[in-house]
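Peer 1: Hey, dropping upload.tsv in here, TSV, C-alpha atoms and all ligand atoms:
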chain	number	residue	atom	x	y	z
A	1	MET	CA	-3.67	-27.76	0.67
A	2	ARG	CA	-6.84	-27.19	2.61
A	3	VAL	CA	-8.36	-23.74	2.99
A	4	ASP	CA	-11.15	-23.03	5.49
A	5	CYS	CA	-13.01	-19.76	5.79
A	6	PHE	CA	-14.36	-18.93	9.26
A	7	ALA	CA	-15.39	-15.36	8.34
A	8	SER	CA	-14.70	-12.96	5.49
A	9	GLY	CA	-15.51	-9.29	4.93
A	10	SER	CA	-15.68	-6.02	6.82
A	11	GLY	CA	-17.51	-7.79	9.68
A	12	GLY	CA	-14.49	-10.02	10.35
A	13	ASN	CA	-11.89	-12.24	8.70
A	14	CYS	CA	-10.37	-15.54	9.76
A	15	TYR	CA	-9.03	-18.35	7.58
A	16	ARG	CA	-7.22	-21.62	8.28
A	17	LEU	CA	-4.59	-23.05	5.98
A	18	SER	CA	-3.44	-26.64	6.37
A	19	ASP	CA	-0.98	-28.75	4.38
A	20	GLY	CA	-1.81	-31.84	6.42
A	21	GLU	CA	1.11	-31.35	8.79
A	22	THR	CA	0.87	-27.72	9.82
A	23	ASP	CA	-2.25	-25.65	10.48
A	24	ILE	CA	-2.04	-21.86	10.61
A	25	LEU	CA	-4.64	-19.15	10.98
A	26	ILE	CA	-4.58	-16.13	8.73
A	27	GLU	CA	-6.29	-13.17	10.46
A	28	CYS	CA	-8.19	-13.27	13.75
A	29	GLY	CA	-10.81	-10.59	13.20
A	30	ILE	CA	-13.70	-12.41	14.91
A	31	PRO	CA	-14.42	-13.10	18.60
A	32	LYS	CA	-12.14	-15.66	20.21
A	33	TYR	CA	-15.09	-17.89	21.14
A	34	LYS	CA	-16.01	-18.24	17.47
A	35	ILE	CA	-12.40	-19.05	16.53
A	36	LEU	CA	-12.27	-21.64	19.29
A	37	SER	CA	-15.39	-23.46	18.08
A	38	ASP	CA	-14.28	-23.16	14.42
A	39	ILE	CA	-11.00	-24.93	15.20
A	40	GLY	CA	-12.83	-27.62	17.16
A	41	TYR	CA	-11.32	-26.37	20.46
A	42	LYS	CA	-7.92	-27.70	19.35
A	43	VAL	CA	-5.69	-24.68	19.97
A	44	GLY	CA	-2.68	-27.00	20.15
A	45	ARG	CA	-3.12	-27.86	16.46
A	46	ILE	CA	-2.50	-24.25	15.41
A	47	SER	CA	1.18	-23.45	14.80
A	48	GLY	CA	0.85	-19.70	14.34
A	49	VAL	CA	-1.36	-16.79	13.35
A	50	LEU	CA	-0.59	-14.39	10.49
A	51	ILE	CA	-2.15	-10.93	10.66
A	52	SER	CA	-2.15	-8.59	7.66
A	53	HIS	CA	-2.87	-5.33	9.52
A	54	GLU	CA	-4.37	-3.86	12.69
A	55	HIS	CA	-7.96	-3.17	11.64
A	56	GLY	CA	-10.49	-4.87	13.90
A	57	ASP	CA	-11.97	-7.02	11.15
A	58	HIS	CA	-8.51	-8.68	10.83
A	59	ALA	CA	-7.01	-8.45	14.31
A	60	ILE	CA	-9.63	-8.00	17.02
A	61	SER	CA	-8.60	-11.23	18.78
A	62	ALA	CA	-4.82	-10.78	18.39
A	63	LYS	CA	-4.31	-10.31	22.12
A	64	ASP	CA	-6.36	-13.44	22.82
A	65	MET	CA	-4.27	-15.47	20.38
A	66	ILE	CA	-1.19	-14.47	22.37
A	67	GLY	CA	-3.09	-15.30	25.54
A	68	TRP	CA	-3.60	-18.82	24.16
A	69	GLY	CA	0.17	-19.08	23.76
A	70	LEU	CA	0.14	-18.85	19.97
A	71	ASP	CA	2.87	-17.09	18.02
A	72	VAL	CA	1.46	-14.14	16.09
A	73	TYR	CA	3.24	-12.88	12.96
A	74	ALA	CA	2.63	-9.31	11.79
A	75	SER	CA	4.65	-6.24	10.86
A	76	ALA	CA	6.27	-4.11	13.56
A	77	GLY	CA	3.88	-1.32	12.54
A	78	THR	CA	0.87	-3.59	13.06
A	79	PHE	CA	2.06	-4.69	16.53
A	80	LYS	CA	2.66	-1.06	17.48
A	81	ALA	CA	-0.80	-0.01	16.28
A	82	LEU	CA	-2.32	-2.90	18.27
A	83	GLY	CA	-0.26	-2.02	21.35
A	84	LEU	CA	1.13	-5.56	21.52
A	85	SER	CA	4.64	-6.70	22.39
A	86	GLY	CA	6.38	-9.66	24.00
A	87	TYR	CA	7.63	-13.15	23.31
A	88	HIS	CA	4.70	-14.35	21.17
A	89	CYS	CA	4.79	-11.26	18.90
A	90	LYS	CA	6.96	-12.25	15.94
A	91	PRO	CA	7.72	-9.22	13.77
A	92	ALA	CA	7.50	-9.91	10.04
A	93	ALA	CA	8.95	-7.61	7.41
A	94	HIS	CA	8.66	-7.22	3.67
A	95	GLY	CA	10.89	-9.74	1.89
A	96	GLU	CA	12.11	-11.51	5.03
A	97	VAL	CA	11.19	-15.19	4.76
A	98	PHE	CA	10.34	-17.14	7.92
A	99	SER	CA	9.05	-20.64	8.70
A	100	VAL	CA	6.04	-21.82	10.66
A	101	GLY	CA	6.10	-25.61	10.85
A	102	THR	CA	6.23	-26.89	7.28
A	103	PHE	CA	5.26	-23.53	5.78
A	104	SER	CA	7.78	-21.08	4.41
A	105	ILE	CA	6.30	-17.57	4.44
A	106	CYS	CA	7.39	-14.46	2.59
A	107	PRO	CA	5.62	-11.22	3.62
A	108	PHE	CA	5.27	-8.36	1.15
A	109	ASP	CA	3.97	-4.81	1.50
A	110	VAL	CA	0.50	-3.87	0.30
A	111	GLN	CA	-1.40	-0.62	-0.19
A	112	HIS	CA	-4.03	0.15	2.48
A	113	ASP	CA	-4.83	2.86	5.02
A	114	ALA	CA	-3.12	1.02	7.88
A	115	ALA	CA	0.28	1.37	9.63
A	116	GLU	CA	2.30	-1.30	7.81
A	117	PRO	CA	0.02	-3.80	6.09
A	118	LEU	CA	1.36	-7.05	4.62
A	119	GLY	CA	0.36	-9.78	2.20
A	120	PHE	CA	1.92	-13.25	2.35
A	121	VAL	CA	3.30	-15.84	-0.06
A	122	ILE	CA	3.03	-19.18	1.71
A	123	THR	CA	4.77	-22.30	0.42
A	124	SER	CA	4.27	-25.79	1.84
A	125	ARG	CA	7.31	-28.03	2.06
A	126	VAL	CA	4.89	-30.99	2.23
A	127	THR	CA	2.62	-30.43	-0.77
A	128	ARG	CA	4.99	-28.09	-2.65
A	129	GLU	CA	2.03	-25.78	-3.29
A	130	ARG	CA	2.32	-22.02	-3.11
A	131	VAL	CA	-0.46	-19.72	-1.89
A	132	LEU	CA	-0.64	-16.00	-2.57
A	133	PHE	CA	-2.66	-14.22	0.14
A	134	PHE	CA	-3.61	-10.57	-0.04
A	135	THR	CA	-6.45	-8.50	1.36
A	136	ASP	CA	-7.29	-4.86	1.98
A	137	THR	CA	-5.09	-3.48	-0.76
A	138	TYR	CA	-6.16	-1.75	-3.93
A	139	TYR	CA	-3.48	-3.45	-5.97
A	140	VAL	CA	-0.50	-5.80	-5.65
A	141	LYS	CA	2.68	-4.34	-7.07
A	142	TYR	CA	4.67	-7.57	-7.21
A	143	VAL	CA	4.33	-10.72	-9.30
A	144	PHE	CA	5.29	-14.00	-7.63
A	145	ARG	CA	6.45	-17.16	-9.33
A	146	ASP	CA	4.79	-20.59	-9.25
A	147	VAL	CA	1.60	-19.61	-7.45
A	148	ASP	CA	-0.93	-22.48	-7.33
A	149	ILE	CA	-3.61	-20.94	-5.14
A	150	ILE	CA	-4.72	-17.32	-4.78
A	151	MET	CA	-6.60	-16.14	-1.69
A	152	GLY	CA	-7.32	-12.54	-2.55
A	153	GLU	CA	-9.67	-9.70	-1.80
A	154	CYS	CA	-12.32	-8.98	-4.39
A	155	ASN	CA	-14.26	-6.24	-2.64
A	156	TYR	CA	-16.40	-4.42	-5.18
A	157	SER	CA	-16.88	-3.89	-8.86
A	158	LEU	CA	-17.29	-0.63	-10.70
A	159	LYS	CA	-20.43	-2.29	-12.07
A	160	THR	CA	-21.92	-3.03	-8.64
A	161	LEU	CA	-20.95	0.16	-6.78
A	162	ARG	CA	-23.99	1.68	-5.12
A	163	ASP	CA	-25.05	4.93	-6.77
A	164	ASP	CA	-25.78	6.52	-3.40
A	165	LEU	CA	-22.33	5.74	-1.93
A	166	PRO	CA	-21.03	9.00	-0.39
A	167	MET	CA	-18.00	10.52	-2.18
A	168	ASN	CA	-15.67	10.13	0.82
A	169	ARG	CA	-16.47	6.42	1.17
A	170	ARG	CA	-16.08	5.96	-2.55
A	171	ASP	CA	-12.61	7.57	-2.49
A	172	ARG	CA	-11.53	5.45	0.46
A	173	LEU	CA	-12.72	2.30	-1.29
A	174	PHE	CA	-10.72	3.14	-4.42
A	175	GLU	CA	-7.54	3.68	-2.39
A	176	SER	CA	-7.77	0.83	0.09
A	177	HIS	CA	-9.66	-2.13	-1.38
A	178	MET	CA	-9.36	-4.42	-4.40
A	179	SER	CA	-11.93	-4.19	-7.17
A	180	LEU	CA	-12.98	-7.06	-9.41
A	181	GLU	CA	-11.46	-5.12	-12.30
A	182	HIS	CA	-8.02	-4.94	-10.59
A	183	PHE	CA	-8.33	-8.57	-9.54
A	184	LEU	CA	-8.93	-9.65	-13.13
A	185	ASP	CA	-5.91	-7.60	-14.27
A	186	LEU	CA	-3.74	-9.27	-11.62
A	187	LEU	CA	-4.78	-12.71	-12.91
A	188	ASP	CA	-2.98	-11.95	-16.19
A	189	SER	CA	0.25	-12.72	-14.28
A	190	TYR	CA	-1.02	-16.08	-12.96
A	191	PRO	CA	-2.20	-18.19	-15.91
A	192	GLN	CA	-1.17	-21.39	-14.07
A	193	VAL	CA	-3.27	-20.82	-10.93
A	194	LYS	CA	-5.46	-23.79	-10.01
A	195	LYS	CA	-7.70	-22.52	-7.21
A	196	ILE	CA	-8.89	-19.04	-6.37
A	197	TYR	CA	-10.59	-17.96	-3.15
A	198	LEU	CA	-12.31	-14.58	-3.31
A	199	LEU	CA	-12.16	-12.80	0.06
A	200	HIS	CA	-13.61	-9.76	1.78
A	201	LEU	CA	-16.53	-9.09	-0.57
A	202	SER	CA	-18.30	-5.84	0.25
A	203	ASP	CA	-21.77	-6.20	1.80
A	204	ASP	CA	-23.16	-3.42	-0.36
A	205	ASN	CA	-21.08	-3.25	-3.52
A	206	SER	CA	-20.48	-6.83	-4.59
A	207	ASP	CA	-22.22	-9.62	-6.46
A	208	ALA	CA	-20.76	-13.00	-5.48
A	209	GLU	CA	-22.14	-14.92	-8.45
A	210	MET	CA	-21.01	-12.35	-11.01
A	211	PHE	CA	-17.52	-12.18	-9.41
A	212	ARG	CA	-17.20	-15.97	-9.47
A	213	ARG	CA	-18.34	-16.14	-13.09
A	214	GLU	CA	-15.95	-13.42	-14.28
A	215	VAL	CA	-12.93	-14.92	-12.47
A	216	GLN	CA	-13.76	-18.43	-13.66
A	217	LYS	CA	-14.20	-17.26	-17.24
A	218	LYS	CA	-10.82	-15.55	-17.17
A	219	THR	CA	-8.79	-18.42	-15.67
A	220	GLY	CA	-10.56	-21.76	-15.85
A	221	ALA	CA	-9.48	-22.24	-12.22
A	222	GLN	CA	-11.75	-23.52	-9.48
A	223	VAL	CA	-13.23	-20.42	-7.84
A	224	TYR	CA	-14.60	-20.25	-4.30
A	225	VAL	CA	-16.31	-17.20	-2.83
A	226	CYS	CA	-15.74	-16.84	0.91
A	227	ALA	CA	-18.97	-16.10	2.81
A	228	ALA	CA	-19.22	-13.36	5.44
A	229	GLN	CA	-20.27	-15.81	8.17
A	230	GLY	CA	-17.79	-18.51	7.12
A	231	GLY	CA	-17.73	-21.26	4.53
A	232	PHE	CA	-18.14	-20.66	0.84
A	233	THR	CA	-21.12	-19.47	-1.14
A	301	ZN	ZN	-10.76	-5.46	6.13
A	302	ZN	ZN	-8.42	-2.82	6.68
Kindly return the structure encoded in the file as structure tokens.
Ligand SMILES: [Zn+2]
Ligand SMILES: [Zn+2]
Peer 2:
Amino acid sequence: MRVDCFASGSGGNCYRLSDGETDILIECGIPKYKILSDIGYKVGRISGVLISHEHGDHAISAKDMIGWGLDVYASAGTFKALGLSGYHCKPAAHGEVFSVGTFSICPFDVQHDAAEPLGFVITSRVTRERVLFFTDTYYVKYVFRDVDIIMGECNYSLKTLRDDLPMNRRDRLFESHMSLEHFLDLLDSYPQVKKIYLLHLSDDNSDAEMFRREVQKKTGAQVYVCAAQGGFT
């Protein structure tokens, strides 16, 4: 399974997942021109776009994806919040499995201040690998079987929180984003995981090297930290 990061964080998110036969995008929260150059101008290679929720850093180019003729998969609540409808809007719901090319995808509900946010469990029928994707949620209430790869938000740590962070922003962070401490707890359920991609690190309240070290120490998995402007740090 190949994972590419085109952008990650509150400034925008976009990832590509490929099992060699099917390429999908997860999130389209960056300008369409950047997506186009990141995919090498090969829109026809993309089989679909998954969107977790309506916030701009995840969905700003959703309408453009539809304009390109791509099928977009998101919850009914997300489509409503984005004001999008029509043939290329494919409503996804918690627990209802669907296929995109050789991927089988199971959406699940997450905890965030958005209309109806989703995470995704994505299984390739080609490589037999299973990816757990979640972002913008302060915890994940389900445990999934046979996960090989985790792509998950690791936004801040209690150790790296800025002292001068206003109380209201602090409260919002605690109720809408994943901390390193919660991420490490979640890993208790996935001792077999082989690769971990840390997503959506906070600009102000994170420490990429420390996060990588802590996650690596806990699991022995290969750990990649997604960079804000794309690629890995
Ligand atoms: Zn976000
Ligand atoms: Zn959000």
Peer 1: Sort by chain and increasing residue number a table of all residues of chain A within 8 Å of ligand ZN 302 (chain A), each with its closest pair of atoms and their distance in Å to one decimal, counting only C-alpha atoms and all ligand atoms, and write it as CSV.
Peer 2:
residue,atom,partner,partner_atom,distance
A:Ser10,CA,A:ZN302,ZN,7.9
A:His53,CA,A:ZN302,ZN,6.7
A:Glu54,CA,A:ZN302,ZN,7.3
A:His55,CA,A:ZN302,ZN,5.0
A:Gly56,CA,A:ZN302,ZN,7.8
A:Asp57,CA,A:ZN302,ZN,7.1
A:His58,CA,A:ZN302,ZN,7.2
A:His112,CA,A:ZN302,ZN,6.8
A:Asp113,CA,A:ZN302,ZN,6.9
A:Ala114,CA,A:ZN302,ZN,6.7
A:Asp136,CA,A:ZN302,ZN,5.2
A:Ser176,CA,A:ZN302,ZN,7.6
Peer 1: Considering all atoms listed in the file, state which residue in the set A:Val110, A:Ala208, A:Ala92, A:Leu25 is at the smallest distance from A:Arg2.
Peer 2: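 Among the listed residues, the smallest separation from A:Arg2 belongs to A:Leu25.
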Peer 1: Let me make sure I understand: among A:His177, A:Lys194, A:Lys218, A:Arg45, which one has the smallest atom-to-atom distance to ligand ZN 301 (chain A) if we use all atoms listed in the file?
Peer 2: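 Closest residue, counting all atoms listed in the file: A:His177.
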Peer 1: Residues within 12 Å of ligand ZN 301 (chain A) should be enumerated using all atoms listed in the file and returned as a ChimeraX atom specification.
Peer 2: /A:7-14,27-30,51-60,112-114,117,134-138,152-155,173,176-178,199-203,228
Peer 1: I need the residue nearest A:Phe133 from this list: A:Ile196, A:Glu116, A:Phe98, A:Met210. Use only C-alpha atoms for the distance.
Peer 2: A:Ile196
Peer 1: With distances taken over all atoms listed in the file, which of A:Arg16, A:His182, A:Arg130, A:Arg125 is nearest to A:Lys195?
Peer 2: A:Arg130
Peer 1: At a cut-off of 9 Å, using only C-alpha atoms, what residues contact A:Leu17? Leave out same-chain residues fewer than 6 positions from it and give the result as a ChimeraX atom specification.
Peer 2: /A:1-4,23-26
Peer 1: Interatomic distance between atom CA of A:Ile150 and atom CA of A:Leu198?
Peer 2: 8.2 Å
Peer 1: Report the distance between atom CA of A:Met167 and atom CA of A:Val140 in Å, rounded to one decimal place.
Peer 2: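 Separation of atom CA of A:Met167 and atom CA of A:Val140: 24.2 Å.
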Peer 1: If we count only C-alpha atoms, what is near stretch 31-35 of chain A at a cut-off of 7 Å, once residues fewer than 3 positions away on the same chain are taken out, given as a PyMOL selection string?
Peer 2: chain A and resi 38-39+61+64
Peer 1: I'd like the interatomic distance between atom CA of A:Val49 and atom CA of A:Gln229, to a tenth of an Å.
Peer 2: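 Computed distance, atom CA of A:Val49 to atom CA of A:Gln229, equals 19.6 Å.
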Peer 1: Between A:Val72, A:Val100, A:Val215, A:Leu187, which has the minimum distance to A:Val143 (counting all atoms listed in the file)?
Peer 2: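 Checking each candidate against A:Val143, we get A:Leu187 as the closest.
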Peer 1: Rebuild N, CA and C atoms on stretch 44-58 of chain A, as a CSV table (one decimal), keeping the file's coordinate frame?
Peer 2:
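out_22.csv written:
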chain,number,residue,atom,x,y,z
A,44,GLY,N,-4.0,-26.4,20.3
A,44,GLY,CA,-2.7,-27.0,20.2
A,44,GLY,C,-2.3,-27.4,18.7
A,45,ARG,N,-3.4,-27.5,17.9
A,45,ARG,CA,-3.1,-27.9,16.5
A,45,ARG,C,-2.6,-26.7,15.6
A,46,ILE,N,-2.8,-25.5,16.2
A,46,ILE,CA,-2.5,-24.2,15.4
A,46,ILE,C,-1.0,-23.9,15.7
A,47,SER,N,-0.3,-23.7,14.6
A,47,SER,CA,1.2,-23.4,14.8
A,47,SER,C,1.5,-22.0,14.8
A,48,GLY,N,0.6,-21.1,14.4
A,48,GLY,CA,0.8,-19.7,14.3
A,48,GLY,C,-0.3,-19.0,13.7
A,49,VAL,N,-0.3,-17.6,13.9
A,49,VAL,CA,-1.4,-16.8,13.4
A,49,VAL,C,-0.7,-15.6,12.6
A,50,LEU,N,-1.1,-15.5,11.3
A,50,LEU,CA,-0.6,-14.4,10.5
A,50,LEU,C,-1.6,-13.3,10.5
A,51,ILE,N,-1.2,-12.1,10.7
A,51,ILE,CA,-2.2,-10.9,10.7
A,51,ILE,C,-1.7,-9.9,9.6
A,52,SER,N,-2.5,-9.5,8.7
A,52,SER,CA,-2.2,-8.6,7.7
A,52,SER,C,-2.0,-7.1,8.1
A,53,HIS,N,-2.9,-6.7,9.0
A,53,HIS,CA,-2.9,-5.3,9.5
A,53,HIS,C,-3.8,-5.2,10.7
A,54,GLU,N,-3.8,-4.0,11.4
A,54,GLU,CA,-4.4,-3.9,12.7
A,54,GLU,C,-5.9,-3.6,12.7
A,55,HIS,N,-6.5,-3.5,11.6
A,55,HIS,CA,-8.0,-3.2,11.6
A,55,HIS,C,-8.7,-4.3,12.3
A,56,GLY,N,-9.8,-3.9,13.1
A,56,GLY,CA,-10.5,-4.9,13.9
A,56,GLY,C,-11.0,-6.1,13.1
A,57,ASP,N,-11.4,-5.9,11.9
A,57,ASP,CA,-12.0,-7.0,11.2
A,57,ASP,C,-10.9,-8.0,10.8
A,58,HIS,N,-9.6,-7.7,11.1
A,58,HIS,CA,-8.5,-8.7,10.8
A,58,HIS,C,-7.8,-9.1,12.1
